[in-house]
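Here is the file my_file11.txt (compact mmCIF, N, CA and C atoms).
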# COMPACT_ATOMS: atom_id res chain seq x y z
N MET A 13 -10.00 88.35 8.65
CA MET A 13 -9.91 88.83 7.29
C MET A 13 -8.49 88.67 6.79
N PRO A 14 -8.25 87.76 5.89
CA PRO A 14 -6.91 87.56 5.38
C PRO A 14 -6.40 88.82 4.68
N GLY A 15 -5.12 89.11 4.88
CA GLY A 15 -4.51 90.23 4.19
C GLY A 15 -4.72 91.58 4.86
N TRP A 16 -5.37 91.62 6.01
CA TRP A 16 -5.65 92.90 6.65
C TRP A 16 -4.94 92.99 7.99
N GLY A 17 -3.65 92.67 8.00
CA GLY A 17 -2.88 92.69 9.24
C GLY A 17 -2.50 94.08 9.68
N SER A 18 -1.82 94.16 10.80
CA SER A 18 -1.46 95.42 11.42
C SER A 18 -0.55 96.33 10.60
N PRO A 19 0.26 95.86 9.63
CA PRO A 19 1.10 96.80 8.90
C PRO A 19 0.31 97.78 8.04
N HIS A 20 -0.96 97.50 7.78
CA HIS A 20 -1.76 98.35 6.91
C HIS A 20 -2.49 99.41 7.72
N ARG A 21 -2.65 100.59 7.13
CA ARG A 21 -3.45 101.64 7.73
C ARG A 21 -4.70 101.77 6.88
N PHE A 22 -5.86 101.90 7.52
CA PHE A 22 -7.12 101.89 6.80
C PHE A 22 -7.96 103.11 7.10
N VAL A 23 -8.82 103.41 6.15
CA VAL A 23 -9.90 104.36 6.36
C VAL A 23 -11.15 103.48 6.44
N SER A 24 -11.86 103.48 7.57
CA SER A 24 -13.06 102.66 7.73
C SER A 24 -14.28 103.55 7.82
N CYS A 25 -15.41 103.06 7.35
CA CYS A 25 -16.63 103.84 7.46
C CYS A 25 -17.80 102.93 7.80
N THR A 26 -18.77 103.51 8.47
CA THR A 26 -20.03 102.81 8.72
C THR A 26 -21.13 103.70 8.19
N ALA A 27 -22.29 103.12 7.92
CA ALA A 27 -23.39 103.90 7.36
C ALA A 27 -24.71 103.26 7.71
N THR A 28 -25.79 104.01 7.48
CA THR A 28 -27.14 103.47 7.64
C THR A 28 -27.76 103.38 6.26
N ALA A 29 -28.65 102.42 6.07
CA ALA A 29 -29.26 102.20 4.76
C ALA A 29 -30.46 103.10 4.54
N GLN A 30 -30.71 103.43 3.28
CA GLN A 30 -31.91 104.14 2.89
C GLN A 30 -32.57 103.36 1.78
N GLU A 31 -33.89 103.37 1.77
CA GLU A 31 -34.60 102.65 0.72
C GLU A 31 -34.58 103.46 -0.56
N GLY A 32 -34.58 102.77 -1.68
CA GLY A 32 -34.61 103.45 -2.97
C GLY A 32 -34.78 102.43 -4.07
N SER A 33 -35.29 102.89 -5.21
CA SER A 33 -35.50 101.96 -6.31
C SER A 33 -34.27 101.95 -7.21
N GLU A 34 -33.93 100.77 -7.70
CA GLU A 34 -32.79 100.64 -8.60
C GLU A 34 -33.20 101.04 -10.01
N ALA A 35 -32.28 101.50 -10.77
CA ALA A 35 -32.52 101.83 -12.17
C ALA A 35 -31.40 101.25 -13.01
N ALA A 36 -31.74 100.93 -14.24
CA ALA A 36 -30.70 100.48 -15.16
C ALA A 36 -29.75 101.64 -15.40
N SER A 37 -28.48 101.36 -15.50
CA SER A 37 -27.50 102.41 -15.66
C SER A 37 -26.50 102.03 -16.73
N ASN A 38 -26.01 103.04 -17.44
CA ASN A 38 -24.98 102.77 -18.42
C ASN A 38 -23.60 102.73 -17.77
N LEU A 39 -23.53 103.02 -16.47
CA LEU A 39 -22.26 102.94 -15.75
C LEU A 39 -21.98 101.49 -15.40
N ASP A 40 -20.73 101.11 -15.46
CA ASP A 40 -20.34 99.72 -15.22
C ASP A 40 -19.96 99.54 -13.75
N TRP A 41 -20.97 99.38 -12.91
CA TRP A 41 -20.74 99.26 -11.47
C TRP A 41 -19.96 98.00 -11.12
N GLU A 42 -20.22 96.91 -11.83
CA GLU A 42 -19.50 95.66 -11.53
C GLU A 42 -18.00 95.84 -11.79
N ASN A 43 -17.65 96.48 -12.89
CA ASN A 43 -16.25 96.75 -13.21
C ASN A 43 -15.63 97.65 -12.14
N PHE A 44 -16.41 98.65 -11.68
CA PHE A 44 -15.92 99.55 -10.64
C PHE A 44 -15.66 98.80 -9.34
N MET A 45 -16.57 97.92 -8.95
CA MET A 45 -16.39 97.15 -7.72
C MET A 45 -15.18 96.20 -7.85
N GLU A 46 -14.98 95.62 -9.02
CA GLU A 46 -13.81 94.77 -9.25
C GLU A 46 -12.53 95.59 -9.12
N TRP A 47 -12.54 96.81 -9.64
CA TRP A 47 -11.38 97.69 -9.49
C TRP A 47 -11.10 97.93 -8.02
N GLY A 48 -12.15 98.15 -7.23
CA GLY A 48 -11.98 98.36 -5.79
C GLY A 48 -11.30 97.17 -5.13
N VAL A 49 -11.71 95.98 -5.48
CA VAL A 49 -11.09 94.76 -4.92
C VAL A 49 -9.61 94.71 -5.31
N GLU A 50 -9.31 95.06 -6.55
CA GLU A 50 -7.91 95.08 -7.00
C GLU A 50 -7.08 96.08 -6.20
N GLN A 51 -7.71 97.13 -5.70
CA GLN A 51 -7.03 98.16 -4.91
C GLN A 51 -6.95 97.78 -3.43
N GLY A 52 -7.52 96.63 -3.06
CA GLY A 52 -7.48 96.19 -1.67
C GLY A 52 -8.67 96.64 -0.84
N VAL A 53 -9.71 97.14 -1.49
CA VAL A 53 -10.90 97.59 -0.78
C VAL A 53 -11.72 96.36 -0.37
N TRP A 54 -12.17 96.36 0.86
CA TRP A 54 -12.99 95.26 1.41
C TRP A 54 -14.35 95.82 1.79
N CYS A 55 -15.40 95.38 1.10
CA CYS A 55 -16.76 95.89 1.31
C CYS A 55 -17.76 94.74 1.24
N PRO A 56 -17.85 93.90 2.26
CA PRO A 56 -18.77 92.78 2.20
C PRO A 56 -20.21 93.21 2.50
N GLY A 57 -21.17 92.53 1.90
CA GLY A 57 -22.57 92.71 2.28
C GLY A 57 -23.29 93.87 1.64
N TRP A 58 -22.67 94.58 0.71
CA TRP A 58 -23.35 95.68 0.04
C TRP A 58 -22.70 95.96 -1.30
N THR A 59 -23.41 96.71 -2.11
CA THR A 59 -22.90 97.11 -3.42
C THR A 59 -23.39 98.53 -3.72
N ILE A 60 -22.88 99.11 -4.76
CA ILE A 60 -23.29 100.45 -5.17
C ILE A 60 -24.28 100.32 -6.32
N LYS A 61 -25.34 101.10 -6.26
CA LYS A 61 -26.35 101.10 -7.32
C LYS A 61 -26.72 102.54 -7.65
N GLU A 62 -27.35 102.70 -8.79
CA GLU A 62 -27.87 104.00 -9.19
C GLU A 62 -29.39 103.95 -9.14
N GLN A 63 -29.99 104.96 -8.50
CA GLN A 63 -31.45 105.02 -8.40
C GLN A 63 -32.02 105.65 -9.66
N SER A 64 -33.34 105.54 -9.84
CA SER A 64 -33.99 106.10 -11.02
C SER A 64 -33.78 107.61 -11.09
N SER A 65 -33.56 108.27 -9.95
CA SER A 65 -33.31 109.71 -9.91
C SER A 65 -31.90 110.06 -10.39
N GLY A 66 -31.04 109.04 -10.53
CA GLY A 66 -29.65 109.28 -10.90
C GLY A 66 -28.73 109.33 -9.71
N ASP A 67 -29.30 109.39 -8.50
CA ASP A 67 -28.49 109.37 -7.29
C ASP A 67 -27.84 108.01 -7.13
N ARG A 68 -26.65 107.99 -6.55
CA ARG A 68 -25.96 106.74 -6.27
C ARG A 68 -26.15 106.42 -4.79
N CYS A 69 -26.23 105.14 -4.50
CA CYS A 69 -26.44 104.75 -3.10
C CYS A 69 -25.83 103.37 -2.86
N ALA A 70 -25.67 103.06 -1.59
CA ALA A 70 -25.21 101.73 -1.18
C ALA A 70 -26.44 100.89 -0.89
N ILE A 71 -26.47 99.68 -1.43
CA ILE A 71 -27.58 98.76 -1.24
C ILE A 71 -27.05 97.50 -0.56
N ALA A 72 -27.68 97.12 0.54
CA ALA A 72 -27.28 95.90 1.24
C ALA A 72 -27.63 94.69 0.38
N THR A 73 -26.70 93.74 0.30
CA THR A 73 -26.93 92.49 -0.42
C THR A 73 -27.16 91.34 0.56
N GLU A 74 -27.01 91.64 1.85
CA GLU A 74 -27.26 90.68 2.92
C GLU A 74 -27.54 91.46 4.20
N GLU A 75 -28.00 90.78 5.22
CA GLU A 75 -28.28 91.42 6.50
C GLU A 75 -26.99 92.00 7.08
N ILE A 76 -27.05 93.27 7.48
CA ILE A 76 -25.89 93.93 8.08
C ILE A 76 -26.30 94.44 9.45
N GLU A 77 -25.54 94.05 10.44
CA GLU A 77 -25.84 94.49 11.80
C GLU A 77 -25.48 95.96 11.98
N GLU A 78 -26.28 96.67 12.78
CA GLU A 78 -26.01 98.07 13.06
C GLU A 78 -24.63 98.21 13.70
N GLY A 79 -23.88 99.18 13.23
CA GLY A 79 -22.53 99.41 13.76
C GLY A 79 -21.45 98.58 13.10
N ALA A 80 -21.82 97.68 12.19
CA ALA A 80 -20.83 96.84 11.51
C ALA A 80 -19.95 97.70 10.61
N VAL A 81 -18.70 97.33 10.46
CA VAL A 81 -17.82 98.01 9.52
C VAL A 81 -18.27 97.63 8.12
N LEU A 82 -18.57 98.63 7.32
CA LEU A 82 -19.09 98.39 5.98
C LEU A 82 -18.01 98.36 4.91
N CYS A 83 -16.90 99.01 5.18
CA CYS A 83 -15.89 99.11 4.15
C CYS A 83 -14.54 99.41 4.79
N ARG A 84 -13.51 98.80 4.26
CA ARG A 84 -12.13 99.11 4.66
C ARG A 84 -11.35 99.41 3.40
N VAL A 85 -10.64 100.52 3.44
CA VAL A 85 -9.87 100.97 2.29
C VAL A 85 -8.43 101.19 2.74
N PRO A 86 -7.47 100.47 2.14
CA PRO A 86 -6.08 100.75 2.48
C PRO A 86 -5.76 102.21 2.19
N ARG A 87 -5.01 102.83 3.05
CA ARG A 87 -4.69 104.25 2.90
C ARG A 87 -4.09 104.55 1.53
N MET A 88 -3.29 103.64 0.98
CA MET A 88 -2.70 103.86 -0.35
C MET A 88 -3.76 103.87 -1.45
N SER A 89 -4.97 103.40 -1.15
CA SER A 89 -6.05 103.37 -2.12
C SER A 89 -7.12 104.41 -1.83
N ALA A 90 -6.83 105.33 -0.93
CA ALA A 90 -7.77 106.41 -0.60
C ALA A 90 -7.18 107.75 -1.05
N TRP A 91 -8.05 108.66 -1.43
CA TRP A 91 -7.60 110.00 -1.81
C TRP A 91 -7.46 110.79 -0.53
N VAL A 92 -6.21 111.04 -0.14
CA VAL A 92 -5.94 111.75 1.10
C VAL A 92 -5.07 112.97 0.77
N VAL A 93 -5.46 114.10 1.32
CA VAL A 93 -4.62 115.30 1.22
C VAL A 93 -4.42 115.83 2.63
N THR A 94 -3.26 116.41 2.87
CA THR A 94 -2.97 116.97 4.18
C THR A 94 -2.62 118.45 4.03
N GLU A 95 -2.70 119.17 5.14
CA GLU A 95 -2.42 120.60 5.11
C GLU A 95 -0.97 120.90 4.72
N ASP A 96 -0.06 120.08 5.19
CA ASP A 96 1.35 120.40 5.02
C ASP A 96 2.01 119.75 3.79
N GLU A 97 1.25 119.05 2.99
CA GLU A 97 1.83 118.37 1.84
C GLU A 97 1.10 118.75 0.56
N PRO A 98 1.82 119.32 -0.42
CA PRO A 98 1.16 119.63 -1.68
C PRO A 98 0.85 118.34 -2.44
N PRO A 99 -0.18 118.34 -3.26
CA PRO A 99 -0.46 117.15 -4.07
C PRO A 99 0.73 116.85 -4.97
N ARG A 100 0.89 115.60 -5.28
CA ARG A 100 2.00 115.21 -6.15
C ARG A 100 1.56 115.32 -7.60
N VAL A 101 1.64 116.52 -8.11
CA VAL A 101 1.36 116.77 -9.52
C VAL A 101 2.59 117.47 -10.08
N PRO A 102 2.97 117.17 -11.32
CA PRO A 102 4.18 117.78 -11.87
C PRO A 102 4.04 119.28 -12.09
N ALA A 103 5.16 119.97 -12.03
CA ALA A 103 5.17 121.42 -12.23
C ALA A 103 4.65 121.80 -13.61
N SER A 104 4.78 120.90 -14.57
CA SER A 104 4.27 121.18 -15.92
C SER A 104 2.74 121.21 -15.94
N PHE A 105 2.11 120.63 -14.93
CA PHE A 105 0.64 120.60 -14.87
C PHE A 105 0.10 121.77 -14.04
N LEU A 106 0.77 122.09 -12.95
CA LEU A 106 0.31 123.16 -12.06
C LEU A 106 1.51 123.87 -11.46
N TYR A 107 1.51 125.18 -11.57
CA TYR A 107 2.61 126.00 -11.06
C TYR A 107 2.87 125.69 -9.59
N PRO A 108 4.09 125.27 -9.22
CA PRO A 108 4.39 124.89 -7.82
C PRO A 108 4.14 126.00 -6.81
N GLY A 109 4.31 127.26 -7.21
CA GLY A 109 4.08 128.38 -6.30
C GLY A 109 2.63 128.51 -5.87
N TYR A 110 1.74 127.84 -6.59
CA TYR A 110 0.32 127.90 -6.24
C TYR A 110 0.09 127.43 -4.80
N TRP A 111 0.87 126.46 -4.36
CA TRP A 111 0.68 125.90 -3.02
C TRP A 111 1.07 126.87 -1.91
N LEU A 112 1.71 127.99 -2.28
CA LEU A 112 2.08 129.00 -1.29
C LEU A 112 1.02 130.11 -1.17
N SER A 113 -0.03 130.05 -2.01
CA SER A 113 -1.05 131.10 -1.99
C SER A 113 -1.88 131.06 -0.71
N ASP A 114 -2.45 132.19 -0.36
CA ASP A 114 -3.27 132.30 0.85
C ASP A 114 -4.49 131.37 0.80
N ASP A 115 -5.09 131.21 -0.40
CA ASP A 115 -6.26 130.33 -0.51
C ASP A 115 -5.92 128.90 -0.12
N VAL A 116 -4.78 128.43 -0.60
CA VAL A 116 -4.40 127.05 -0.32
C VAL A 116 -4.03 126.89 1.15
N LYS A 117 -3.45 127.92 1.74
CA LYS A 117 -3.07 127.86 3.15
C LYS A 117 -4.27 128.03 4.09
N SER A 118 -5.40 128.44 3.55
CA SER A 118 -6.59 128.67 4.37
C SER A 118 -7.29 127.35 4.68
N GLU A 119 -8.40 127.44 5.41
CA GLU A 119 -9.16 126.24 5.79
C GLU A 119 -9.75 125.53 4.58
N LYS A 120 -9.90 126.22 3.46
CA LYS A 120 -10.44 125.57 2.26
C LYS A 120 -9.36 124.92 1.39
N GLY A 121 -8.12 125.01 1.83
CA GLY A 121 -7.01 124.48 1.05
C GLY A 121 -7.11 123.00 0.74
N TRP A 122 -7.67 122.22 1.66
CA TRP A 122 -7.72 120.77 1.43
C TRP A 122 -8.52 120.42 0.19
N PHE A 123 -9.63 121.14 -0.07
CA PHE A 123 -10.41 120.75 -1.25
C PHE A 123 -9.80 121.30 -2.53
N LEU A 124 -9.02 122.37 -2.45
CA LEU A 124 -8.29 122.83 -3.63
C LEU A 124 -7.21 121.80 -4.01
N LYS A 125 -6.54 121.25 -3.00
CA LYS A 125 -5.55 120.20 -3.25
C LYS A 125 -6.20 118.94 -3.82
N LEU A 126 -7.34 118.58 -3.27
CA LEU A 126 -8.05 117.40 -3.76
C LEU A 126 -8.52 117.61 -5.20
N ALA A 127 -9.01 118.81 -5.50
CA ALA A 127 -9.45 119.12 -6.86
C ALA A 127 -8.27 119.06 -7.83
N ALA A 128 -7.12 119.57 -7.42
CA ALA A 128 -5.93 119.52 -8.28
C ALA A 128 -5.53 118.08 -8.56
N LYS A 129 -5.61 117.26 -7.54
CA LYS A 129 -5.27 115.84 -7.72
C LYS A 129 -6.24 115.17 -8.69
N LEU A 130 -7.52 115.44 -8.52
CA LEU A 130 -8.53 114.87 -9.42
C LEU A 130 -8.31 115.34 -10.85
N LEU A 131 -8.08 116.63 -11.05
CA LEU A 131 -7.86 117.15 -12.41
C LEU A 131 -6.64 116.51 -13.06
N TYR A 132 -5.58 116.35 -12.29
CA TYR A 132 -4.38 115.74 -12.84
C TYR A 132 -4.63 114.28 -13.22
N GLU A 133 -5.25 113.52 -12.33
CA GLU A 133 -5.51 112.11 -12.62
C GLU A 133 -6.46 111.96 -13.81
N LYS A 134 -7.44 112.86 -13.91
CA LYS A 134 -8.35 112.82 -15.06
C LYS A 134 -7.57 113.13 -16.34
N HIS A 135 -6.65 114.07 -16.27
CA HIS A 135 -5.79 114.43 -17.40
C HIS A 135 -4.99 113.22 -17.90
N LEU A 136 -4.56 112.34 -16.99
CA LEU A 136 -3.78 111.16 -17.36
C LEU A 136 -4.60 110.13 -18.14
N GLY A 137 -5.93 110.17 -17.99
CA GLY A 137 -6.80 109.23 -18.71
C GLY A 137 -6.54 107.79 -18.29
N VAL A 138 -6.52 106.88 -19.27
CA VAL A 138 -6.37 105.45 -18.97
C VAL A 138 -5.04 105.13 -18.31
N GLY A 139 -4.08 106.03 -18.36
CA GLY A 139 -2.79 105.82 -17.71
C GLY A 139 -2.84 106.04 -16.20
N SER A 140 -3.95 106.52 -15.69
CA SER A 140 -4.09 106.78 -14.26
C SER A 140 -4.56 105.54 -13.52
N LYS A 141 -3.97 105.31 -12.36
CA LYS A 141 -4.43 104.23 -11.47
C LYS A 141 -5.91 104.43 -11.13
N TRP A 142 -6.36 105.66 -11.13
CA TRP A 142 -7.71 106.02 -10.71
C TRP A 142 -8.71 106.10 -11.85
N PHE A 143 -8.32 105.69 -13.06
CA PHE A 143 -9.17 105.85 -14.24
C PHE A 143 -10.58 105.28 -14.05
N ARG A 144 -10.68 104.04 -13.58
CA ARG A 144 -12.01 103.43 -13.44
C ARG A 144 -12.82 104.12 -12.35
N TYR A 145 -12.17 104.64 -11.32
CA TYR A 145 -12.86 105.42 -10.30
C TYR A 145 -13.39 106.73 -10.89
N ILE A 146 -12.55 107.43 -11.60
CA ILE A 146 -12.93 108.72 -12.17
C ILE A 146 -14.07 108.57 -13.17
N GLN A 147 -14.09 107.48 -13.93
CA GLN A 147 -15.19 107.24 -14.87
C GLN A 147 -16.54 107.17 -14.16
N MET A 148 -16.54 106.78 -12.90
CA MET A 148 -17.81 106.60 -12.18
C MET A 148 -18.28 107.88 -11.48
N LEU A 149 -17.46 108.90 -11.45
CA LEU A 149 -17.87 110.14 -10.80
C LEU A 149 -18.96 110.83 -11.62
N PRO A 150 -19.89 111.48 -10.95
CA PRO A 150 -20.93 112.20 -11.71
C PRO A 150 -20.31 113.36 -12.47
N THR A 151 -20.86 113.64 -13.64
CA THR A 151 -20.38 114.77 -14.43
C THR A 151 -21.17 116.03 -14.12
N HIS A 152 -22.29 115.88 -13.42
CA HIS A 152 -23.14 117.01 -13.05
C HIS A 152 -23.82 116.70 -11.72
N ILE A 153 -23.89 117.70 -10.86
CA ILE A 153 -24.61 117.54 -9.60
C ILE A 153 -25.59 118.70 -9.48
N ASP A 154 -26.86 118.39 -9.33
CA ASP A 154 -27.88 119.42 -9.17
C ASP A 154 -27.88 119.88 -7.73
N THR A 155 -27.55 121.13 -7.50
CA THR A 155 -27.46 121.64 -6.14
C THR A 155 -28.72 122.37 -5.70
N LEU A 156 -29.74 122.40 -6.52
CA LEU A 156 -30.98 123.07 -6.14
C LEU A 156 -31.98 122.10 -5.55
Would you kindly transcribe this structure into structure tokens?
Amino acid sequence: MPGWGSPHRFVSCTATAQEGSEAASNLDWENFMEWGVEQGVWCPGWTIKEQSSGDRCAIATEEIEEGAVLCRVPRMSAWVVTEDEPPRVPASFLYPGYWLSDDVKSEKGWFLKLAAKLLYEKHLGVGSKWFRYIQMLPTHIDTL
């Protein structure tokens, strides 16, 4: 794979396929996949589709062997938060002392940091590197 040498750190994932029917969607999946390529994401043999139920899924576009690496994402193109590092959001957006609270220091702190990062990037709108990604996120999830 050209361009994927040892200096890069990756998040890799594997998955199993599920059957489902495709539905027409007003979301621009092709534009989203192109954005992924621009970010250095490598995902051969599959694409993302929306089912008639509104659920999103990965659909194989060619035969994929069990255990094959389905996707490689350069670490700089992945949303990563760590326990010891506050998200990089300006103090004008979120009070810096928030990161010292007991909630953030607890086991649930990682998703509070991730949520803060998402809210900040969404706030930036088209000026965000993540704009095309954020546009594809669901605006509602039925939990029942």
When you look at Cys55 in chain A with a cut-off of 10 Å (counting only C-alpha atoms), what residues show up, excluding the ones that are within fewer than 5 positions of it in the same chain? I need them as a list in words. Met45, Gly48, Val49, Val81, Leu82, Cys83, Arg84 and Val85 of chain A
Shell around Ala70 in chain A at 6 Å using only N, CA and C atoms, local window under 4 positions removed, as a ChimeraX atom specification: /A:59-61
Enter the distance from atom N of His152 in chain A to atom C of Leu136 in chain A, in Å, rounded to one decimal. 19.2 Å
Could you check which of A:Phe143, A:Phe123, A:Tyr110, A:Phe105 is closest to Val93 in chain A, using all atoms listed in the file?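 Counting all atoms listed in the file, the residue closest to Val93 in chain A is A:Phe123.
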Please report the interatomic distance between CA of Gly79 in chain A and CA of Asn43 in chain A in Å with one decimal. 27.8 Å
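Considering only N, CA and C atoms, the residue among A:Lys120, A:Gln51, A:Tyr107, A:Pro102 positioned nearest to Ser89 in chain A is A:Gln51.
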